[in-house]
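Printed here is coords_16.cif (mmCIF, N, CA and C atoms):
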```
data_coords
#
loop_
_atom_site.group_PDB
_atom_site.id
_atom_site.type_symbol
_atom_site.label_atom_id
_atom_site.label_comp_id
_atom_site.auth_asym_id
_atom_site.auth_seq_id
_atom_site.Cartn_x
_atom_site.Cartn_y
_atom_site.Cartn_z
ATOM 1 N N MET X 1 107.374 100.812 -39.597
ATOM 2 C CA MET X 1 108.734 100.984 -39.132
ATOM 3 C C MET X 1 108.722 101.662 -37.756
ATOM 4 N N GLU X 2 109.555 101.181 -36.875
ATOM 5 C CA GLU X 2 109.602 101.708 -35.515
ATOM 6 C C GLU X 2 110.301 103.063 -35.482
ATOM 7 N N GLU X 3 109.747 104.000 -34.698
ATOM 8 C CA GLU X 3 110.321 105.334 -34.600
ATOM 9 C C GLU X 3 111.581 105.306 -33.746
ATOM 10 N N LYS X 4 112.602 106.092 -34.154
ATOM 11 C CA LYS X 4 113.865 106.141 -33.421
ATOM 12 C C LYS X 4 113.669 106.815 -32.081
ATOM 13 N N GLN X 5 114.423 106.357 -31.085
ATOM 14 C CA GLN X 5 114.387 106.961 -29.765
ATOM 15 C C GLN X 5 115.777 107.480 -29.442
ATOM 16 N N TYR X 6 115.846 108.710 -28.958
ATOM 17 C CA TYR X 6 117.112 109.324 -28.618
ATOM 18 C C TYR X 6 117.193 109.580 -27.121
ATOM 19 N N HIS X 7 118.398 109.843 -26.650
ATOM 20 C CA HIS X 7 118.594 110.150 -25.238
ATOM 21 C C HIS X 7 118.270 111.608 -24.935
ATOM 22 N N VAL X 8 118.032 112.420 -25.975
ATOM 23 C CA VAL X 8 117.677 113.824 -25.782
ATOM 24 C C VAL X 8 116.330 114.115 -26.432
ATOM 25 N N LYS X 9 115.680 115.147 -25.921
ATOM 26 C CA LYS X 9 114.406 115.602 -26.463
ATOM 27 C C LYS X 9 114.492 117.101 -26.701
ATOM 28 N N LYS X 10 113.510 117.635 -27.381
ATOM 29 C CA LYS X 10 113.447 119.068 -27.618
ATOM 30 C C LYS X 10 113.366 119.799 -26.272
ATOM 31 N N ASN X 11 114.037 120.940 -26.183
ATOM 32 C CA ASN X 11 114.119 121.791 -24.984
ATOM 33 C C ASN X 11 114.996 121.218 -23.870
ATOM 34 N N ASP X 12 115.717 120.118 -24.108
ATOM 35 C CA ASP X 12 116.669 119.596 -23.128
ATOM 36 C C ASP X 12 117.934 120.448 -23.141
ATOM 37 N N LEU X 13 118.614 120.518 -22.012
ATOM 38 C CA LEU X 13 119.903 121.183 -21.914
ATOM 39 C C LEU X 13 120.972 120.127 -22.184
ATOM 40 N N VAL X 14 121.813 120.368 -23.210
ATOM 41 C CA VAL X 14 122.834 119.390 -23.592
ATOM 42 C C VAL X 14 124.203 120.045 -23.633
ATOM 43 N N MET X 15 125.244 119.207 -23.554
ATOM 44 C CA MET X 15 126.616 119.669 -23.693
ATOM 45 C C MET X 15 127.254 118.938 -24.866
ATOM 46 N N VAL X 16 127.994 119.682 -25.696
ATOM 47 C CA VAL X 16 128.685 119.102 -26.851
ATOM 48 C C VAL X 16 129.941 118.402 -26.353
ATOM 49 N N THR X 17 130.140 117.147 -26.783
ATOM 50 C CA THR X 17 131.271 116.360 -26.292
ATOM 51 C C THR X 17 132.434 116.286 -27.273
ATOM 52 N N THR X 18 132.191 116.554 -28.559
ATOM 53 C CA THR X 18 133.269 116.502 -29.552
ATOM 54 C C THR X 18 133.108 117.616 -30.566
ATOM 55 N N GLY X 19 134.195 117.910 -31.266
ATOM 56 C CA GLY X 19 134.145 118.908 -32.331
ATOM 57 C C GLY X 19 134.644 120.266 -31.893
ATOM 58 N N LYS X 20 134.452 121.255 -32.768
ATOM 59 C CA LYS X 20 134.985 122.594 -32.504
ATOM 60 C C LYS X 20 134.286 123.290 -31.343
ATOM 61 N N ASP X 21 133.060 122.894 -31.031
ATOM 62 C CA ASP X 21 132.294 123.506 -29.947
ATOM 63 C C ASP X 21 132.271 122.639 -28.690
ATOM 64 N N LYS X 22 133.290 121.804 -28.513
ATOM 65 C CA LYS X 22 133.342 120.907 -27.355
ATOM 66 C C LYS X 22 133.282 121.699 -26.056
ATOM 67 N N GLY X 23 132.408 121.274 -25.141
ATOM 68 C CA GLY X 23 132.280 121.923 -23.852
ATOM 69 C C GLY X 23 131.162 122.951 -23.777
ATOM 70 N N LYS X 24 130.614 123.362 -24.912
ATOM 71 C CA LYS X 24 129.535 124.350 -24.908
ATOM 72 C C LYS X 24 128.217 123.675 -24.546
ATOM 73 N N THR X 25 127.360 124.410 -23.843
ATOM 74 C CA THR X 25 126.039 123.895 -23.514
ATOM 75 C C THR X 25 124.984 124.759 -24.181
ATOM 76 N N GLY X 26 123.830 124.153 -24.434
ATOM 77 C CA GLY X 26 122.731 124.875 -25.040
ATOM 78 C C GLY X 26 121.473 124.040 -25.029
ATOM 79 N N LYS X 27 120.376 124.677 -25.406
ATOM 80 C CA LYS X 27 119.076 124.024 -25.426
ATOM 81 C C LYS X 27 118.824 123.442 -26.813
ATOM 82 N N VAL X 28 118.243 122.254 -26.878
ATOM 83 C CA VAL X 28 117.922 121.613 -28.152
ATOM 84 C C VAL X 28 116.719 122.338 -28.760
ATOM 85 N N LEU X 29 116.913 122.881 -29.969
ATOM 86 C CA LEU X 29 115.848 123.614 -30.637
ATOM 87 C C LEU X 29 115.015 122.727 -31.556
ATOM 88 N N ARG X 30 115.695 121.823 -32.268
ATOM 89 C CA ARG X 30 114.985 120.980 -33.237
ATOM 90 C C ARG X 30 115.735 119.671 -33.440
ATOM 91 N N ILE X 31 114.995 118.591 -33.688
ATOM 92 C CA ILE X 31 115.586 117.275 -33.944
ATOM 93 C C ILE X 31 115.137 116.794 -35.309
ATOM 94 N N THR X 32 116.099 116.338 -36.129
ATOM 95 C CA THR X 32 115.801 115.757 -37.431
ATOM 96 C C THR X 32 116.068 114.265 -37.335
ATOM 97 N N LYS X 33 115.017 113.476 -37.214
ATOM 98 C CA LYS X 33 115.179 112.037 -36.972
ATOM 99 C C LYS X 33 115.677 111.283 -38.194
ATOM 100 N N LYS X 34 115.362 111.756 -39.401
ATOM 101 C CA LYS X 34 115.804 111.061 -40.612
ATOM 102 C C LYS X 34 117.323 111.047 -40.740
ATOM 103 N N LYS X 35 117.967 112.132 -40.291
ATOM 104 C CA LYS X 35 119.414 112.242 -40.437
ATOM 105 C C LYS X 35 120.161 112.107 -39.112
ATOM 106 N N ASP X 36 119.456 111.815 -37.999
ATOM 107 C CA ASP X 36 120.063 111.669 -36.663
ATOM 108 C C ASP X 36 120.813 112.932 -36.247
ATOM 109 N N ARG X 37 120.239 114.094 -36.537
ATOM 110 C CA ARG X 37 120.898 115.350 -36.227
ATOM 111 C C ARG X 37 119.983 116.252 -35.421
ATOM 112 N N LEU X 38 120.598 117.190 -34.699
ATOM 113 C CA LEU X 38 119.803 118.150 -33.948
ATOM 114 C C LEU X 38 120.456 119.518 -33.989
ATOM 115 N N ILE X 39 119.647 120.539 -33.712
ATOM 116 C CA ILE X 39 120.133 121.914 -33.688
ATOM 117 C C ILE X 39 120.112 122.381 -32.241
ATOM 118 N N VAL X 40 121.273 122.841 -31.774
ATOM 119 C CA VAL X 40 121.430 123.308 -30.400
ATOM 120 C C VAL X 40 121.637 124.816 -30.430
ATOM 121 N N GLU X 41 120.993 125.503 -29.502
ATOM 122 C CA GLU X 41 121.045 126.957 -29.429
ATOM 123 C C GLU X 41 122.474 127.455 -29.210
ATOM 124 N N LYS X 42 122.938 128.392 -30.064
ATOM 125 C CA LYS X 42 124.256 129.038 -29.992
ATOM 126 C C LYS X 42 125.438 128.073 -30.107
ATOM 127 N N VAL X 43 125.239 126.920 -30.781
ATOM 128 C CA VAL X 43 126.310 125.942 -30.990
ATOM 129 C C VAL X 43 126.411 125.648 -32.479
ATOM 130 N N ASN X 44 127.651 125.483 -32.972
ATOM 131 C CA ASN X 44 127.932 125.192 -34.371
ATOM 132 C C ASN X 44 127.395 126.301 -35.274
ATOM 133 N N MET X 45 127.762 127.529 -34.963
ATOM 134 C CA MET X 45 127.307 128.692 -35.727
ATOM 135 C C MET X 45 128.018 128.748 -37.077
ATOM 136 N N VAL X 46 127.251 129.008 -38.153
ATOM 137 C CA VAL X 46 127.784 129.142 -39.506
ATOM 138 C C VAL X 46 127.273 130.444 -40.105
ATOM 139 N N LYS X 47 128.011 130.958 -41.081
ATOM 140 C CA LYS X 47 127.613 132.198 -41.743
ATOM 141 C C LYS X 47 126.998 131.873 -43.090
ATOM 142 N N ARG X 48 125.896 132.524 -43.385
ATOM 143 C CA ARG X 48 125.188 132.333 -44.651
ATOM 144 C C ARG X 48 125.026 133.680 -45.334
ATOM 145 N N HIS X 49 125.311 133.729 -46.629
ATOM 146 C CA HIS X 49 125.112 134.944 -47.406
ATOM 147 C C HIS X 49 123.676 134.948 -47.906
ATOM 148 N N VAL X 50 122.937 136.008 -47.554
ATOM 149 C CA VAL X 50 121.516 136.079 -47.880
ATOM 150 C C VAL X 50 121.282 137.240 -48.831
ATOM 151 N N LYS X 51 120.562 136.980 -49.922
ATOM 152 C CA LYS X 51 120.229 138.030 -50.874
ATOM 153 C C LYS X 51 119.132 138.915 -50.297
ATOM 154 N N PRO X 52 119.170 140.196 -50.615
ATOM 155 C CA PRO X 52 118.106 141.068 -50.116
ATOM 156 C C PRO X 52 116.770 140.769 -50.791
ATOM 157 N N THR X 53 115.706 140.813 -50.006
ATOM 158 C CA THR X 53 114.354 140.651 -50.526
ATOM 159 C C THR X 53 113.524 141.845 -50.065
ATOM 160 N N GLN X 54 112.238 141.833 -50.388
ATOM 161 C CA GLN X 54 111.381 142.928 -49.951
ATOM 162 C C GLN X 54 111.225 142.934 -48.429
ATOM 163 N N LYS X 55 111.332 141.772 -47.816
ATOM 164 C CA LYS X 55 111.144 141.659 -46.369
ATOM 165 C C LYS X 55 112.440 141.843 -45.586
ATOM 166 N N SER X 56 113.555 141.328 -46.086
ATOM 167 C CA SER X 56 114.814 141.405 -45.340
ATOM 168 C C SER X 56 115.870 142.183 -46.126
ATOM 169 N N LYS X 57 116.819 142.727 -45.380
ATOM 170 C CA LYS X 57 117.858 143.578 -45.955
ATOM 171 C C LYS X 57 118.935 142.767 -46.675
ATOM 172 N N GLY X 58 119.167 141.549 -46.234
ATOM 173 C CA GLY X 58 120.220 140.734 -46.824
ATOM 174 C C GLY X 58 121.538 140.947 -46.106
ATOM 175 N N GLY X 59 122.596 140.313 -46.578
ATOM 176 C CA GLY X 59 123.912 140.426 -45.950
ATOM 177 C C GLY X 59 124.379 139.073 -45.451
ATOM 178 N N ILE X 60 125.288 139.099 -44.495
ATOM 179 C CA ILE X 60 125.831 137.863 -43.939
ATOM 180 C C ILE X 60 125.095 137.576 -42.633
ATOM 181 N N MET X 61 124.365 136.466 -42.596
ATOM 182 C CA MET X 61 123.591 136.068 -41.423
ATOM 183 C C MET X 61 124.323 134.923 -40.727
ATOM 184 N N GLU X 62 124.250 134.894 -39.407
ATOM 185 C CA GLU X 62 124.838 133.805 -38.642
ATOM 186 C C GLU X 62 123.714 132.989 -38.013
ATOM 187 N N LYS X 63 123.773 131.656 -38.195
ATOM 188 C CA LYS X 63 122.736 130.804 -37.625
ATOM 189 C C LYS X 63 123.333 129.470 -37.196
ATOM 190 N N GLU X 64 122.540 128.713 -36.433
ATOM 191 C CA GLU X 64 123.001 127.427 -35.948
ATOM 192 C C GLU X 64 122.911 126.382 -37.059
ATOM 193 N N SER X 65 123.904 125.510 -37.104
ATOM 194 C CA SER X 65 123.882 124.374 -38.011
ATOM 195 C C SER X 65 123.696 123.110 -37.176
ATOM 196 N N SER X 66 123.281 122.041 -37.832
ATOM 197 C CA SER X 66 122.982 120.817 -37.093
ATOM 198 C C SER X 66 124.255 120.059 -36.716
ATOM 199 N N ILE X 67 124.171 119.290 -35.626
ATOM 200 C CA ILE X 67 125.245 118.396 -35.220
ATOM 201 C C ILE X 67 124.642 117.021 -34.957
ATOM 202 N N HIS X 68 125.478 116.016 -35.022
ATOM 203 C CA HIS X 68 124.993 114.649 -34.862
ATOM 204 C C HIS X 68 124.600 114.380 -33.413
ATOM 205 N N VAL X 69 123.585 113.547 -33.229
ATOM 206 C CA VAL X 69 123.065 113.228 -31.899
ATOM 207 C C VAL X 69 124.139 112.590 -31.020
ATOM 208 N N SER X 70 125.034 111.824 -31.601
ATOM 209 C CA SER X 70 126.060 111.140 -30.817
ATOM 210 C C SER X 70 127.116 112.088 -30.251
ATOM 211 N N ASN X 71 127.132 113.342 -30.719
ATOM 212 C CA ASN X 71 128.132 114.303 -30.260
ATOM 213 C C ASN X 71 127.658 115.154 -29.086
ATOM 214 N N VAL X 72 126.498 114.837 -28.519
ATOM 215 C CA VAL X 72 126.002 115.589 -27.370
ATOM 216 C C VAL X 72 125.611 114.630 -26.246
ATOM 217 N N MET X 73 125.673 115.150 -25.012
ATOM 218 C CA MET X 73 125.208 114.406 -23.848
ATOM 219 C C MET X 73 124.276 115.305 -23.057
ATOM 220 N N LEU X 74 123.328 114.699 -22.405
ATOM 221 C CA LEU X 74 122.405 115.451 -21.571
ATOM 222 C C LEU X 74 123.164 116.084 -20.409
ATOM 223 N N PHE X 75 122.840 117.329 -20.083
ATOM 224 C CA PHE X 75 123.538 118.065 -19.028
ATOM 225 C C PHE X 75 122.668 118.074 -17.781
ATOM 226 N N CYS X 76 123.189 117.512 -16.683
ATOM 227 C CA CYS X 76 122.467 117.486 -15.416
ATOM 228 C C CYS X 76 122.809 118.755 -14.642
ATOM 229 N N GLU X 77 121.795 119.540 -14.299
ATOM 230 C CA GLU X 77 122.027 120.797 -13.594
ATOM 231 C C GLU X 77 122.445 120.562 -12.141
ATOM 232 N N LYS X 78 122.016 119.458 -11.552
ATOM 233 C CA LYS X 78 122.394 119.155 -10.172
ATOM 234 C C LYS X 78 123.865 118.747 -10.086
ATOM 235 N N CYS X 79 124.317 117.895 -11.013
ATOM 236 C CA CYS X 79 125.719 117.457 -11.046
ATOM 237 C C CYS X 79 126.627 118.510 -11.688
ATOM 238 N N SER X 80 126.074 119.371 -12.533
ATOM 239 C CA SER X 80 126.825 120.338 -13.354
ATOM 240 C C SER X 80 127.808 119.633 -14.276
ATOM 241 N N LYS X 81 127.396 118.486 -14.802
ATOM 242 C CA LYS X 81 128.219 117.688 -15.708
ATOM 243 C C LYS X 81 127.331 117.072 -16.790
ATOM 244 N N PRO X 82 127.945 116.689 -17.935
ATOM 245 C CA PRO X 82 127.197 115.883 -18.897
ATOM 246 C C PRO X 82 127.084 114.457 -18.353
ATOM 247 N N VAL X 83 125.919 113.857 -18.452
ATOM 248 C CA VAL X 83 125.691 112.549 -17.833
ATOM 249 C C VAL X 83 124.988 111.591 -18.785
ATOM 250 N N ARG X 84 125.140 110.322 -18.478
ATOM 251 C CA ARG X 84 124.348 109.291 -19.141
ATOM 252 C C ARG X 84 123.020 109.214 -18.417
ATOM 253 N N ILE X 85 122.012 108.740 -19.139
ATOM 254 C CA ILE X 85 120.695 108.673 -18.518
ATOM 255 C C ILE X 85 120.214 107.243 -18.429
ATOM 256 N N GLY X 86 119.308 107.023 -17.508
ATOM 257 C CA GLY X 86 118.623 105.747 -17.384
ATOM 258 C C GLY X 86 117.134 106.021 -17.463
ATOM 259 N N LYS X 87 116.357 104.979 -17.656
ATOM 260 C CA LYS X 87 114.908 105.122 -17.699
ATOM 261 C C LYS X 87 114.312 104.233 -16.625
ATOM 262 N N LYS X 88 113.307 104.750 -15.932
ATOM 263 C CA LYS X 88 112.654 103.946 -14.911
ATOM 264 C C LYS X 88 111.172 104.289 -14.860
ATOM 265 N N LEU X 89 110.420 103.398 -14.245
ATOM 266 C CA LEU X 89 108.983 103.553 -14.098
ATOM 267 C C LEU X 89 108.689 104.032 -12.686
ATOM 268 N N LEU X 90 107.923 105.112 -12.575
ATOM 269 C CA LEU X 90 107.534 105.621 -11.260
ATOM 270 C C LEU X 90 106.342 104.839 -10.722
ATOM 271 N N GLU X 91 105.982 105.093 -9.462
ATOM 272 C CA GLU X 91 104.870 104.373 -8.832
ATOM 273 C C GLU X 91 103.541 104.628 -9.549
ATOM 274 N N ASP X 92 103.397 105.848 -10.104
ATOM 275 C CA ASP X 92 102.139 106.179 -10.790
ATOM 276 C C ASP X 92 102.087 105.639 -12.220
ATOM 277 N N GLY X 93 103.118 104.900 -12.640
ATOM 278 C CA GLY X 93 103.128 104.285 -13.966
ATOM 279 C C GLY X 93 103.743 105.162 -15.046
ATOM 280 N N LYS X 94 104.293 106.299 -14.673
ATOM 281 C CA LYS X 94 104.901 107.217 -15.628
ATOM 282 C C LYS X 94 106.357 106.825 -15.872
ATOM 283 N N LYS X 95 106.785 106.791 -17.146
ATOM 284 C CA LYS X 95 108.154 106.453 -17.497
ATOM 285 C C LYS X 95 108.966 107.749 -17.566
ATOM 286 N N VAL X 96 110.086 107.811 -16.835
ATOM 287 C CA VAL X 96 110.904 109.026 -16.789
ATOM 288 C C VAL X 96 112.375 108.705 -17.023
ATOM 289 N N ARG X 97 113.134 109.741 -17.404
ATOM 290 C CA ARG X 97 114.583 109.634 -17.549
ATOM 291 C C ARG X 97 115.229 110.173 -16.276
ATOM 292 N N PHE X 98 116.348 109.560 -15.869
ATOM 293 C CA PHE X 98 117.038 110.028 -14.676
ATOM 294 C C PHE X 98 118.548 110.033 -14.900
ATOM 295 N N CYS X 99 119.236 110.855 -14.118
ATOM 296 C CA CYS X 99 120.692 110.964 -14.153
ATOM 297 C C CYS X 99 121.271 109.732 -13.463
ATOM 298 N N ARG X 100 122.228 109.084 -14.093
ATOM 299 C CA ARG X 100 122.813 107.881 -13.508
ATOM 300 C C ARG X 100 123.787 108.186 -12.380
ATOM 301 N N LYS X 101 124.278 109.422 -12.288
ATOM 302 C CA LYS X 101 125.228 109.782 -11.234
ATOM 303 C C LYS X 101 124.532 110.146 -9.934
ATOM 304 N N CYS X 102 123.520 111.031 -10.035
ATOM 305 C CA CYS X 102 122.902 111.552 -8.809
ATOM 306 C C CYS X 102 121.461 111.076 -8.622
ATOM 307 N N GLU X 103 120.966 110.230 -9.531
ATOM 308 C CA GLU X 103 119.602 109.674 -9.460
ATOM 309 C C GLU X 103 118.521 110.747 -9.555
ATOM 310 N N GLU X 104 118.847 111.949 -10.029
ATOM 311 C CA GLU X 104 117.883 113.047 -10.184
ATOM 312 C C GLU X 104 116.999 112.779 -11.398
ATOM 313 N N VAL X 105 115.676 112.931 -11.244
ATOM 314 C CA VAL X 105 114.750 112.740 -12.363
ATOM 315 C C VAL X 105 114.843 113.952 -13.281
ATOM 316 N N ILE X 106 115.045 113.720 -14.577
ATOM 317 C CA ILE X 106 115.213 114.801 -15.543
ATOM 318 C C ILE X 106 113.869 115.245 -16.092
ATOM 319 N N ASP X 107 112.980 114.305 -16.398
ATOM 320 C CA ASP X 107 111.650 114.645 -16.906
ATOM 321 C C ASP X 107 110.789 115.113 -15.740
ATOM 322 N N LYS X 108 110.286 116.312 -15.860
ATOM 323 C CA LYS X 108 109.435 116.829 -14.786
ATOM 324 C C LYS X 108 107.976 116.704 -15.143
#
```
Please lay out the structure from this file as structure tokens.
Amino acid sequence: MEEKQYHVKKNDLVMVTTGKDKGKTGKVLRITKKKDRLIVEKVNMVKRHVKPTQKSKGGIMEKESSIHVSNVMLFCEKCSKPVRIGKKLLEDGKKVRFCRKCEEVIDK
């Protein structure tokens, strides 16, 4: 079976386009390919009640919850906007992603 390809990768800067956190930006921490979801830093925060253990005190913890891949767009730092991406081949044969608005290469 062919592996899914997304427009975002781990450690990319993305902006949320829909939902309660619309307009927030953050770094992609983890991608779950089976469910088409990703976890973005400081976005979609939820509260979890944690029982005390020998290692942790317990209480109400706040952590990031996953959001669907279709609800985020890659954030171009040069344009300061969420952008669509294109893919192109460089002269050295390396395949890279680029911003469609300003032609800036995103993969360094």
Enumerate as a compact mmCIF listing (two decimals) with N, CA and C atoms, keeping the file's coordinate frame all residues of chain X assigned to strand (DSSP E or B) by DSSP on the backbone, naming them with the chain letters and numbers the document uses.
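Okay, result19.txt is ready:
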```
# COMPACT_ATOMS: atom_id res chain seq x y z
N LEU X 13 118.61 120.52 -22.01
CA LEU X 13 119.90 121.18 -21.91
C LEU X 13 120.97 120.13 -22.18
N VAL X 14 121.81 120.37 -23.21
CA VAL X 14 122.83 119.39 -23.59
C VAL X 14 124.20 120.04 -23.63
N MET X 15 125.24 119.21 -23.55
CA MET X 15 126.62 119.67 -23.69
C MET X 15 127.25 118.94 -24.87
N VAL X 16 127.99 119.68 -25.70
CA VAL X 16 128.68 119.10 -26.85
C VAL X 16 129.94 118.40 -26.35
N THR X 25 127.36 124.41 -23.84
CA THR X 25 126.04 123.90 -23.51
C THR X 25 124.98 124.76 -24.18
N GLY X 26 123.83 124.15 -24.43
CA GLY X 26 122.73 124.88 -25.04
C GLY X 26 121.47 124.04 -25.03
N LYS X 27 120.38 124.68 -25.41
CA LYS X 27 119.08 124.02 -25.43
C LYS X 27 118.82 123.44 -26.81
N VAL X 28 118.24 122.25 -26.88
CA VAL X 28 117.92 121.61 -28.15
C VAL X 28 116.72 122.34 -28.76
N LEU X 29 116.91 122.88 -29.97
CA LEU X 29 115.85 123.61 -30.64
C LEU X 29 115.02 122.73 -31.56
N ARG X 30 115.70 121.82 -32.27
CA ARG X 30 114.98 120.98 -33.24
C ARG X 30 115.74 119.67 -33.44
N ILE X 31 115.00 118.59 -33.69
CA ILE X 31 115.59 117.28 -33.94
C ILE X 31 115.14 116.79 -35.31
N THR X 32 116.10 116.34 -36.13
CA THR X 32 115.80 115.76 -37.43
C THR X 32 116.07 114.26 -37.34
N ARG X 37 120.24 114.09 -36.54
CA ARG X 37 120.90 115.35 -36.23
C ARG X 37 119.98 116.25 -35.42
N LEU X 38 120.60 117.19 -34.70
CA LEU X 38 119.80 118.15 -33.95
C LEU X 38 120.46 119.52 -33.99
N ILE X 39 119.65 120.54 -33.71
CA ILE X 39 120.13 121.91 -33.69
C ILE X 39 120.11 122.38 -32.24
N VAL X 40 121.27 122.84 -31.77
CA VAL X 40 121.43 123.31 -30.40
C VAL X 40 121.64 124.82 -30.43
N MET X 45 127.76 127.53 -34.96
CA MET X 45 127.31 128.69 -35.73
C MET X 45 128.02 128.75 -37.08
N VAL X 46 127.25 129.01 -38.15
CA VAL X 46 127.78 129.14 -39.51
C VAL X 46 127.27 130.44 -40.10
N LYS X 47 128.01 130.96 -41.08
CA LYS X 47 127.61 132.20 -41.74
C LYS X 47 127.00 131.87 -43.09
N ARG X 48 125.90 132.52 -43.38
CA ARG X 48 125.19 132.33 -44.65
C ARG X 48 125.03 133.68 -45.33
N HIS X 49 125.31 133.73 -46.63
CA HIS X 49 125.11 134.94 -47.41
C HIS X 49 123.68 134.95 -47.91
N VAL X 50 122.94 136.01 -47.55
CA VAL X 50 121.52 136.08 -47.88
C VAL X 50 121.28 137.24 -48.83
N GLY X 59 122.60 140.31 -46.58
CA GLY X 59 123.91 140.43 -45.95
C GLY X 59 124.38 139.07 -45.45
N ILE X 60 125.29 139.10 -44.50
CA ILE X 60 125.83 137.86 -43.94
C ILE X 60 125.10 137.58 -42.63
N MET X 61 124.36 136.47 -42.60
CA MET X 61 123.59 136.07 -41.42
C MET X 61 124.32 134.92 -40.73
N GLU X 62 124.25 134.89 -39.41
CA GLU X 62 124.84 133.80 -38.64
C GLU X 62 123.71 132.99 -38.01
N LYS X 63 123.77 131.66 -38.20
CA LYS X 63 122.74 130.80 -37.62
C LYS X 63 123.33 129.47 -37.20
N GLU X 64 122.54 128.71 -36.43
CA GLU X 64 123.00 127.43 -35.95
C GLU X 64 122.91 126.38 -37.06
N ILE X 67 124.17 119.29 -35.63
CA ILE X 67 125.24 118.40 -35.22
C ILE X 67 124.64 117.02 -34.96
N HIS X 68 125.48 116.02 -35.02
CA HIS X 68 124.99 114.65 -34.86
C HIS X 68 124.60 114.38 -33.41
N VAL X 72 126.50 114.84 -28.52
CA VAL X 72 126.00 115.59 -27.37
C VAL X 72 125.61 114.63 -26.25
N MET X 73 125.67 115.15 -25.01
CA MET X 73 125.21 114.41 -23.85
C MET X 73 124.28 115.30 -23.06
N LEU X 74 123.33 114.70 -22.40
CA LEU X 74 122.40 115.45 -21.57
C LEU X 74 123.16 116.08 -20.41
N PHE X 75 122.84 117.33 -20.08
CA PHE X 75 123.54 118.06 -19.03
C PHE X 75 122.67 118.07 -17.78
N CYS X 76 123.19 117.51 -16.68
CA CYS X 76 122.47 117.49 -15.42
C CYS X 76 122.81 118.76 -14.64
N LYS X 81 127.40 118.49 -14.80
CA LYS X 81 128.22 117.69 -15.71
C LYS X 81 127.33 117.07 -16.79
N PRO X 82 127.94 116.69 -17.93
CA PRO X 82 127.20 115.88 -18.90
C PRO X 82 127.08 114.46 -18.35
N VAL X 83 125.92 113.86 -18.45
CA VAL X 83 125.69 112.55 -17.83
C VAL X 83 124.99 111.59 -18.78
N ILE X 85 122.01 108.74 -19.14
CA ILE X 85 120.70 108.67 -18.52
C ILE X 85 120.21 107.24 -18.43
N GLY X 86 119.31 107.02 -17.51
CA GLY X 86 118.62 105.75 -17.38
C GLY X 86 117.13 106.02 -17.46
N LYS X 87 116.36 104.98 -17.66
CA LYS X 87 114.91 105.12 -17.70
C LYS X 87 114.31 104.23 -16.62
N LYS X 88 113.31 104.75 -15.93
CA LYS X 88 112.65 103.95 -14.91
C LYS X 88 111.17 104.29 -14.86
N LEU X 89 110.42 103.40 -14.24
CA LEU X 89 108.98 103.55 -14.10
C LEU X 89 108.69 104.03 -12.69
N LYS X 95 106.78 106.79 -17.15
CA LYS X 95 108.15 106.45 -17.50
C LYS X 95 108.97 107.75 -17.57
N VAL X 96 110.09 107.81 -16.84
CA VAL X 96 110.90 109.03 -16.79
C VAL X 96 112.38 108.70 -17.02
N ARG X 97 113.13 109.74 -17.40
CA ARG X 97 114.58 109.63 -17.55
C ARG X 97 115.23 110.17 -16.28
N PHE X 98 116.35 109.56 -15.87
CA PHE X 98 117.04 110.03 -14.68
C PHE X 98 118.55 110.03 -14.90
N CYS X 99 119.24 110.86 -14.12
CA CYS X 99 120.69 110.96 -14.15
C CYS X 99 121.27 109.73 -13.46
N VAL X 105 115.68 112.93 -11.24
CA VAL X 105 114.75 112.74 -12.36
C VAL X 105 114.84 113.95 -13.28
```
Find the distance between atom N of Gly86 of chain X and atom CA of Phe98 of chain X and write it in Å to one decimal. 4.7 Å
Assuming the chain letters and numbering stay as they are in my file, what does the PyMOL selection byres ((chain X and resi 85) around 5) actually select? List them as a list of chain:residue names.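 Applied to this file, the PyMOL selection byres ((chain X and resi 85) around 5) selects X:Val83, X:Arg84, X:Gly86, X:Lys87, X:Phe98, X:Cys99, X:Arg100.
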Please produce a file of those selected residues containing N, CA and C atoms, as a tab-separated table (two decimals), keeping the file's coordinate frame.
```tsv
chain	number	residue	atom	x	y	z
X	83	VAL	N	125.92	113.86	-18.45
X	83	VAL	CA	125.69	112.55	-17.83
X	83	VAL	C	124.99	111.59	-18.78
X	84	ARG	N	125.14	110.32	-18.48
X	84	ARG	CA	124.35	109.29	-19.14
X	84	ARG	C	123.02	109.21	-18.42
X	86	GLY	N	119.31	107.02	-17.51
X	86	GLY	CA	118.62	105.75	-17.38
X	86	GLY	C	117.13	106.02	-17.46
X	87	LYS	N	116.36	104.98	-17.66
X	87	LYS	CA	114.91	105.12	-17.70
X	87	LYS	C	114.31	104.23	-16.62
X	98	PHE	N	116.35	109.56	-15.87
X	98	PHE	CA	117.04	110.03	-14.68
X	98	PHE	C	118.55	110.03	-14.90
X	99	CYS	N	119.24	110.86	-14.12
X	99	CYS	CA	120.69	110.96	-14.15
X	99	CYS	C	121.27	109.73	-13.46
X	100	ARG	N	122.23	109.08	-14.09
X	100	ARG	CA	122.81	107.88	-13.51
X	100	ARG	C	123.79	108.19	-12.38
```
Compile the contact shell of Leu89 of chain X as a list in words: residues with an atom at most 12 Å away, counting only C-alpha atoms, same-chain residues fewer than 4 positions apart removed.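 Final neighbour list, sorted by chain and number: Gly93, Lys94, Lys95, Val96, Arg97, Phe98, Val105 and Asp107 of chain X.
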Applying 10 Å and only C-alpha atoms, which residues near segment 42-49 of chain X remain after dropping the ones on its own chain fewer than 2 positions away? List them as a list in words.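 After dropping sequence-adjacent residues, the list is Met15, Val16, Gly19, Lys20, Asp21, Lys22, Lys24, Thr25, Gly26, Lys27, Val28, Ile39, Val40, Lys51, Pro52, Gly58, Gly59, Ile60, Met61, Glu62, Lys63, Glu64, Ser65, Ser66 and Ile67 of chain X.
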So, with all atoms listed in the file as the atoms that count, which of X:Leu29, X:Cys79, X:Val72, X:Lys55 lies closest to Glu41 of chain X? X:Leu29
